[in-house]
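Asker: Take this structure, written in structure tokens, and hold onto it; I'll ask about it next.
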Amino acid sequence: MLIFIFLFFPSLYLNTKIMIMAKYIFVTGGVTSSLGKGIIAASLAKLLQARGLRVTIQKFDPYINVDPGTLNPYEHGECFVTDDGAETDLDLGHYERFLNTPTSQASNVTTGRIYQTVINKEREGAYLGKTVQVIPHITDEIKRRMLLLGKEGKYDIIITELGGTVGDIESLPFVEAVRQLQWEMPEEDCMVVHLTLIPYLSAAKELKTKPTQHSVRLLSQEGVHPDVIVCRTEQPLNNELKKKIALFCNVKPNAVIEAMDASSIYEVPLMMLQEGLDIIVLKKLQINGYAAPELTKWREFLDKLKYPKTKVTIGLIGKYIELQDAYKSILESFVHAGAMNECKVKVVDVHSETITEDNVAEKLSKLDGLLVAPGFGNRGVEGKITAVKYARENNLPFFGICLGMQMAVIEFGRNVLGWADANSTEMVKDTTHPVIDLMDEQKDITAKGGTMRLGAYPCHIKEGTLAHSIYEATDISERHRHRWEFNNKYIADFEKAGLIPSGKNPASGLVEIVELPNHPFFIGVQYHPELKSTVENPQPIFVHFVKAAKENKKKRDAV
């Protein structure tokens, strides 16, 4: 019988073999975007992980870009970077922050990547004699990538979030791939969680279930039947509403989950625990003998987050401040570091284009610390340099990330070393003091997508420096996303004047960290430390920066 199945239905046989290795949960969304599929997926993953299961999450995005690397932050929020150099959707940041485990290239797939792979195979002759079509070729490639992480044998459960909203034209191939997998897999190996909206009409003082009914009906028309419906809502769902949703959406009443708005995304796992989402999933997937969830550290973190003992105000100097998601990992790193310090961190956005020598003191004098954010291009650069100068001269705790570090180098070159035209060749190609220059390996690159220095690289830290006291280590690894670097031609001049390169890449000599020893707290890093901060392991520079801001506030309050 097995031989018969293998000969006539080889894909079904292979899929069945794969299902034995891992179980799959697909998270879809309806009614509207930005409901929080990523947070629900991460929260469910956290609960399952807390019960001792090995869980990972992946994101499938319907846009045709190969990855978000070339997208403006105003379009799609920040670009999250993994250890292995993938430029990915910002939801992968949520996955890592909740699970405290790294994601990878395989964790984020776009329509662009799917079509690129299929077209490349067609050009190579893989489909000779065949007409290449959405079904089966595109959907087969989607399924192959959906099952990829399960083949590694490292995970018990793979959670896959489908980007976009059910009914979107660009999402149809992904939904169809899920339909096929539901048909191919044993029932206990696959399930669908559908996130939807229950709007509250204040004029009628009623919650309305009709949008959810339409959303589930639309999903069902595509052949995908949700096992669980998670309802985003501003008001509690009573039992009658849950029964109504269950009846019209063809699920059991206990599979209708209330997801109330929360004051913090980190409360959502406990809310889902209270609703029993993880129990429903375990029963559907026929996973027995699971332990009680171990969430002690998570609860301790939430206690510190909710009941801080003090408060600091940090200025975030950037040029994408109109969209908070542009600096999502930085903001979340402050949440983690604040809880670690039992301190509420209030982040004040300051647009770098608005900062001048005339108004810098007015804008920054009430801050307890200053972070100059990463970015690209010339817009707002002079405002960032002016802000760095203020922090350096007024002993204001300073933290520069990527471009922020480069601005600190330029400011020091201009105002301490006396090189009035010190600059980056990204901004001024013919400057006579290119203290920041294009990396050698980047000089012949013309393509923009996926060509920067990306992913985790080692850094060796000098003993006795601020960086060494922060990391309590001499060798670290951090994630990068840049093309320009500190120009080592000028390194001796900067060291002599007092700006110390305290961390370097051991292979290339690239300066990774600069600091001022005679300043209360002044550090700039070429890498992106915010990308590795998690609830359980807050990033150490952020932790010490918040601590320095607390000390600065204490001094200012004492005057």
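Chain identifiers are assigned as A, B, and so on, following the order in which chains appear in the structure tokens; residues are numbered from 1 within each chain, and ligands are numbered from 1 in order of appearance.
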Could you give me the residues within segment 257-497 of chain A that DSSP places in strand (DSSP E or B), as a PyMOL selection string?

Answerer: chain A and resi 257-260+310-318+343-351+369-372+398-401+423-424+434-438+453-461+475-482+484-486

Asker: Using backbone DSSP assignments, extract all alpha helix (DSSP H) residues from segment 44-107 of chain A; output them as a ChimeraX atom specification.

Answerer: /A:44-50,73-76,91-99

Asker: Within 9 Å of segment 84-101 of chain A, which residues of segment 238-336 of chain A show up? Give each one with its shortest atom-to-atom distance in Å (one decimal) and the two atoms involved, counting only C-alpha atoms, rows by chain then rising residue number, as a tab-separated table.

Answerer:
residue	atom	partner	partner_atom	distance
A:Tyr266	CA	A:Phe98	CA	8.0
A:Asp325	CA	A:Leu90	CA	8.1
A:Lys328	CA	A:Leu90	CA	7.7
A:Ser329	CA	A:Gly93	CA	6.9
A:Glu332	CA	A:Arg97	CA	8.6

Asker: Those residues you just picked out, can you put them in a file as an mmCIF file, in the first residue's frame with C-alpha atoms?

Answerer:
data_model
loop_
_atom_site.group_PDB
_atom_site.id
_atom_site.type_symbol
_atom_site.label_atom_id
_atom_site.label_comp_id
_atom_site.auth_asym_id
_atom_site.auth_seq_id
_atom_site.Cartn_x
_atom_site.Cartn_y
_atom_site.Cartn_z
ATOM 1 C CA TYR A 266 4.017 41.761 26.703
ATOM 2 C CA ASP A 325 7.526 51.300 13.741
ATOM 3 C CA LYS A 328 10.474 49.534 16.753
ATOM 4 C CA SER A 329 13.443 47.514 18.049
ATOM 5 C CA GLU A 332 11.305 47.793 22.652
#

Asker: Just want the 12 Å neighbourhood of segment 499-508 of chain A, counted on only C-alpha atoms, with same-chain residues fewer than 6 positions away dropped. Output as a PyMOL selection string.

Answerer: chain A and resi 392+405+408-413+416-417+439-441+456-471+473-478+480+485-488+490-493+514-519+522-527

Asker: Can you work out which one of A:Thr131, A:Gln182, A:Asn239, A:Thr310 has the shortest atom-to-atom distance to Phe26 of chain A, counting only C-alpha atoms?

Answerer: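 Among the listed residues, A:Gln182 lies closest to Phe26 of chain A.
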
Asker: One decimal, in Å: what's the spacing between atom CA of Asp437 of chain A and atom CA of Val372 of chain A?

Answerer: 19.2 Å

Asker: Of the candidates A:Leu316, A:Val55, A:Met340, A:Ile280, which shows the shortest atom-to-atom distance to Lys252 of chain A, using only C-alpha atoms?

Answerer: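 Of A:Leu316, A:Val55, A:Met340, A:Ile280, the one nearest Lys252 of chain A, counting only C-alpha atoms, is A:Ile280.
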
Asker: For the contact check between segment 63-111 of chain A and segment 133-149 of chain A, emit one row per residue of segment 63-111 of chain A within 9 Å, containing the shortest atom pair and the distance in Å rounded to one decimal, counting only C-alpha atoms, chain then rising number order, as a tab-separated table.

Answerer:
residue	atom	partner	partner_atom	distance
A:Ala106	CA	A:Leu149	CA	7.1
A:Ser107	CA	A:Leu149	CA	8.1
A:Val109	CA	A:Arg145	CA	7.8
A:Thr111	CA	A:Ile142	CA	8.7

Asker: So which residues touch Met21 of chain A within 8 Å, counting only C-alpha atoms, skipping near sequence neighbours fewer than 6 positions away, as a list in words?

Answerer: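 What passes the distance filter is Gly150, Lys151, Gly153, Tyr155 and Asp156 of chain A.
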
Asker: Could you write out that same residue set with N, CA and C atoms as an mmCIF file, in the first residue's frame?

Answerer:
data_model
loop_
_atom_site.group_PDB
_atom_site.id
_atom_site.type_symbol
_atom_site.label_atom_id
_atom_site.label_comp_id
_atom_site.auth_asym_id
_atom_site.auth_seq_id
_atom_site.Cartn_x
_atom_site.Cartn_y
_atom_site.Cartn_z
ATOM 1 N N GLY A 150 10.523 22.739 9.348
ATOM 2 C CA GLY A 150 10.114 21.472 9.946
ATOM 3 C C GLY A 150 11.037 20.328 9.594
ATOM 4 N N LYS A 151 11.753 20.447 8.478
ATOM 5 C CA LYS A 151 12.658 19.387 8.044
ATOM 6 C C LYS A 151 13.916 19.318 8.904
ATOM 7 N N GLY A 153 14.205 19.142 12.040
ATOM 8 C CA GLY A 153 14.087 18.264 13.191
ATOM 9 C C GLY A 153 14.348 18.944 14.520
ATOM 10 N N TYR A 155 12.332 21.416 15.780
ATOM 11 C CA TYR A 155 11.136 22.024 16.338
ATOM 12 C C TYR A 155 9.977 21.029 16.411
ATOM 13 N N ASP A 156 9.165 21.202 17.445
ATOM 14 C CA ASP A 156 7.928 20.431 17.574
ATOM 15 C C ASP A 156 6.781 21.120 16.839
#

Asker: Applying 9 Å and only C-alpha atoms, which residues near segment 535-548 of chain A remain after dropping the ones on its own chain fewer than 4 positions away? List them as a PyMOL selection string.

Answerer: chain A and resi 97-100+266+297-298+301+312+314+330+333-338+340-341+343+345+368-369+397-399+467+470-471+520-521+523+529-531+552-553

Asker: Quick one: write out the picked residues with N, CA and C atoms as a JSON list (two decimals), in the first residue's frame?

Answerer:
[["chain", "number", "residue", "atom", "x", "y", "z"],
["A", 97, "ARG", "N", 12.01, 38.65, 20.39],
["A", 97, "ARG", "CA", 11.88, 39.26, 21.71],
["A", 97, "ARG", "C", 11.03, 38.42, 22.64],
["A", 98, "PHE", "N", 10.03, 37.72, 22.09],
["A", 98, "PHE", "CA", 9.16, 36.88, 22.91],
["A", 98, "PHE", "C", 9.80, 35.52, 23.21],
["A", 99, "LEU", "N", 10.41, 34.90, 22.20],
["A", 99, "LEU", "CA", 10.91, 33.54, 22.35],
["A", 99, "LEU", "C", 12.37, 33.48, 22.82],
["A", 100, "ASN", "N", 13.08, 34.59, 22.70],
["A", 100, "ASN", "CA", 14.49, 34.63, 23.11],
["A", 100, "ASN", "C", 15.34, 33.64, 22.30],
["A", 266, "TYR", "N", 3.49, 42.86, 25.89],
["A", 266, "TYR", "CA", 4.02, 41.76, 26.70],
["A", 266, "TYR", "C", 2.97, 41.19, 27.67],
["A", 297, "LYS", "N", 9.82, 34.22, 34.96],
["A", 297, "LYS", "CA", 10.61, 35.37, 34.53],
["A", 297, "LYS", "C", 9.75, 36.38, 33.79],
["A", 298, "TRP", "N", 8.82, 35.87, 32.99],
["A", 298, "TRP", "CA", 7.93, 36.77, 32.23],
["A", 298, "TRP", "C", 7.08, 37.60, 33.18],
["A", 301, "PHE", "N", 9.21, 40.26, 34.88],
["A", 301, "PHE", "CA", 9.43, 41.37, 33.94],
["A", 301, "PHE", "C", 8.23, 42.30, 33.90],
["A", 312, "VAL", "N", 12.80, 58.19, 33.58],
["A", 312, "VAL", "CA", 13.76, 59.02, 32.86],
["A", 312, "VAL", "C", 13.18, 59.40, 31.51],
["A", 314, "ILE", "N", 14.30, 60.08, 27.63],
["A", 314, "ILE", "CA", 15.35, 59.91, 26.63],
["A", 314, "ILE", "C", 14.90, 60.56, 25.33],
["A", 330, "ILE", "N", 14.39, 49.65, 18.74],
["A", 330, "ILE", "CA", 14.98, 50.59, 19.70],
["A", 330, "ILE", "C", 13.99, 50.85, 20.83],
["A", 333, "SER", "N", 13.71, 47.86, 23.03],
["A", 333, "SER", "CA", 14.93, 47.70, 23.84],
["A", 333, "SER", "C", 14.88, 48.61, 25.06],
["A", 334, "PHE", "N", 14.29, 49.79, 24.91],
["A", 334, "PHE", "CA", 14.13, 50.68, 26.06],
["A", 334, "PHE", "C", 13.12, 50.10, 27.07],
["A", 335, "VAL", "N", 12.11, 49.41, 26.57],
["A", 335, "VAL", "CA", 11.16, 48.75, 27.47],
["A", 335, "VAL", "C", 11.89, 47.69, 28.30],
["A", 336, "HIS", "N", 12.71, 46.86, 27.63],
["A", 336, "HIS", "CA", 13.45, 45.80, 28.33],
["A", 336, "HIS", "C", 14.44, 46.40, 29.34],
["A", 337, "ALA", "N", 15.20, 47.41, 28.88],
["A", 337, "ALA", "CA", 16.22, 48.02, 29.74],
["A", 337, "ALA", "C", 15.58, 48.78, 30.89],
["A", 338, "GLY", "N", 14.43, 49.41, 30.62],
["A", 338, "GLY", "CA", 13.73, 50.13, 31.68],
["A", 338, "GLY", "C", 13.28, 49.19, 32.79],
["A", 340, "MET", "N", 14.58, 46.35, 33.53],
["A", 340, "MET", "CA", 15.79, 45.86, 34.20],
["A", 340, "MET", "C", 16.25, 46.86, 35.26],
["A", 341, "ASN", "N", 16.05, 48.15, 34.98],
["A", 341, "ASN", "CA", 16.45, 49.21, 35.90],
["A", 341, "ASN", "C", 15.30, 49.64, 36.82],
["A", 343, "CYS", "N", 12.66, 51.15, 35.99],
["A", 343, "CYS", "CA", 12.54, 52.56, 35.60],
["A", 343, "CYS", "C", 11.66, 52.67, 34.37],
["A", 345, "VAL", "N", 10.92, 54.37, 31.01],
["A", 345, "VAL", "CA", 11.65, 55.19, 30.04],
["A", 345, "VAL", "C", 10.65, 55.89, 29.13],
["A", 368, "ASP", "N", 17.24, 63.41, 29.97],
["A", 368, "ASP", "CA", 18.17, 62.70, 30.85],
["A", 368, "ASP", "C", 19.18, 61.88, 30.06],
["A", 369, "GLY", "N", 18.92, 61.68, 28.78],
["A", 369, "GLY", "CA", 19.83, 60.95, 27.90],
["A", 369, "GLY", "C", 19.45, 61.19, 26.46],
["A", 397, "PRO", "N", 24.30, 61.96, 28.88],
["A", 397, "PRO", "CA", 24.53, 60.58, 28.42],
["A", 397, "PRO", "C", 24.12, 60.41, 26.96],
["A", 398, "PHE", "N", 25.05, 59.87, 26.17],
["A", 398, "PHE", "CA", 24.86, 59.77, 24.72],
["A", 398, "PHE", "C", 25.07, 58.35, 24.24],
["A", 399, "PHE", "N", 24.21, 57.95, 23.30],
["A", 399, "PHE", "CA", 24.28, 56.62, 22.68],
["A", 399, "PHE", "C", 23.98, 56.80, 21.20],
["A", 467, "ALA", "N", 32.93, 50.09, 27.11],
["A", 467, "ALA", "CA", 32.32, 48.96, 26.41],
["A", 467, "ALA", "C", 32.62, 47.65, 27.14],
["A", 470, "ILE", "N", 30.49, 47.33, 30.16],
["A", 470, "ILE", "CA", 29.10, 47.08, 29.79],
["A", 470, "ILE", "C", 28.86, 45.61, 29.46],
["A", 471, "TYR", "N", 29.72, 45.08, 28.59],
["A", 471, "TYR", "CA", 29.52, 43.70, 28.12],
["A", 471, "TYR", "C", 30.13, 42.67, 29.07],
["A", 520, "PRO", "N", 30.57, 61.23, 31.26],
["A", 520, "PRO", "CA", 29.79, 60.31, 32.10],
["A", 520, "PRO", "C", 29.31, 59.07, 31.36],
["A", 521, "PHE", "N", 28.86, 59.24, 30.12],
["A", 521, "PHE", "CA", 28.45, 58.09, 29.31],
["A", 521, "PHE", "C", 28.35, 58.56, 27.87],
["A", 523, "ILE", "N", 28.95, 56.77, 24.09],
["A", 523, "ILE", "CA", 29.34, 55.58, 23.32],
["A", 523, "ILE", "C", 28.58, 55.55, 22.00],
["A", 529, "PRO", "N", 22.67, 47.11, 18.09],
["A", 529, "PRO", "CA", 22.47, 46.29, 19.29],
["A", 529, "PRO", "C", 21.00, 46.06, 19.63],
["A", 530, "GLU", "N", 20.13, 46.95, 19.16],
["A", 530, "GLU", "CA", 18.71, 46.82, 19.47],
["A", 530, "GLU", "C", 18.10, 45.54, 18.88],
["A", 531, "LEU", "N", 18.75, 44.97, 17.87],
["A", 531, "LEU", "CA", 18.19, 43.80, 17.20],
["A", 531, "LEU", "C", 18.32, 42.52, 18.02],
["A", 552, "ASN", "N", 22.09, 60.71, 35.81],
["A", 552, "ASN", "CA", 22.09, 62.09, 35.35],
["A", 552, "ASN", "C", 20.87, 62.83, 35.88],
["A", 553, "LYS", "N", 19.73, 62.18, 35.85],
["A", 553, "LYS", "CA", 18.49, 62.80, 36.37],
["A", 553, "LYS", "C", 18.64, 63.09, 37.87]]

Asker: Would you please work out which residue, of A:Cys249, A:Leu367, A:Met260, A:Leu218, is nearest to Asp557 of chain A when using only C-alpha atoms?

Answerer: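 Ranking A:Cys249, A:Leu367, A:Met260, A:Leu218 by distance to Asp557 of chain A, first place goes to A:Leu367.
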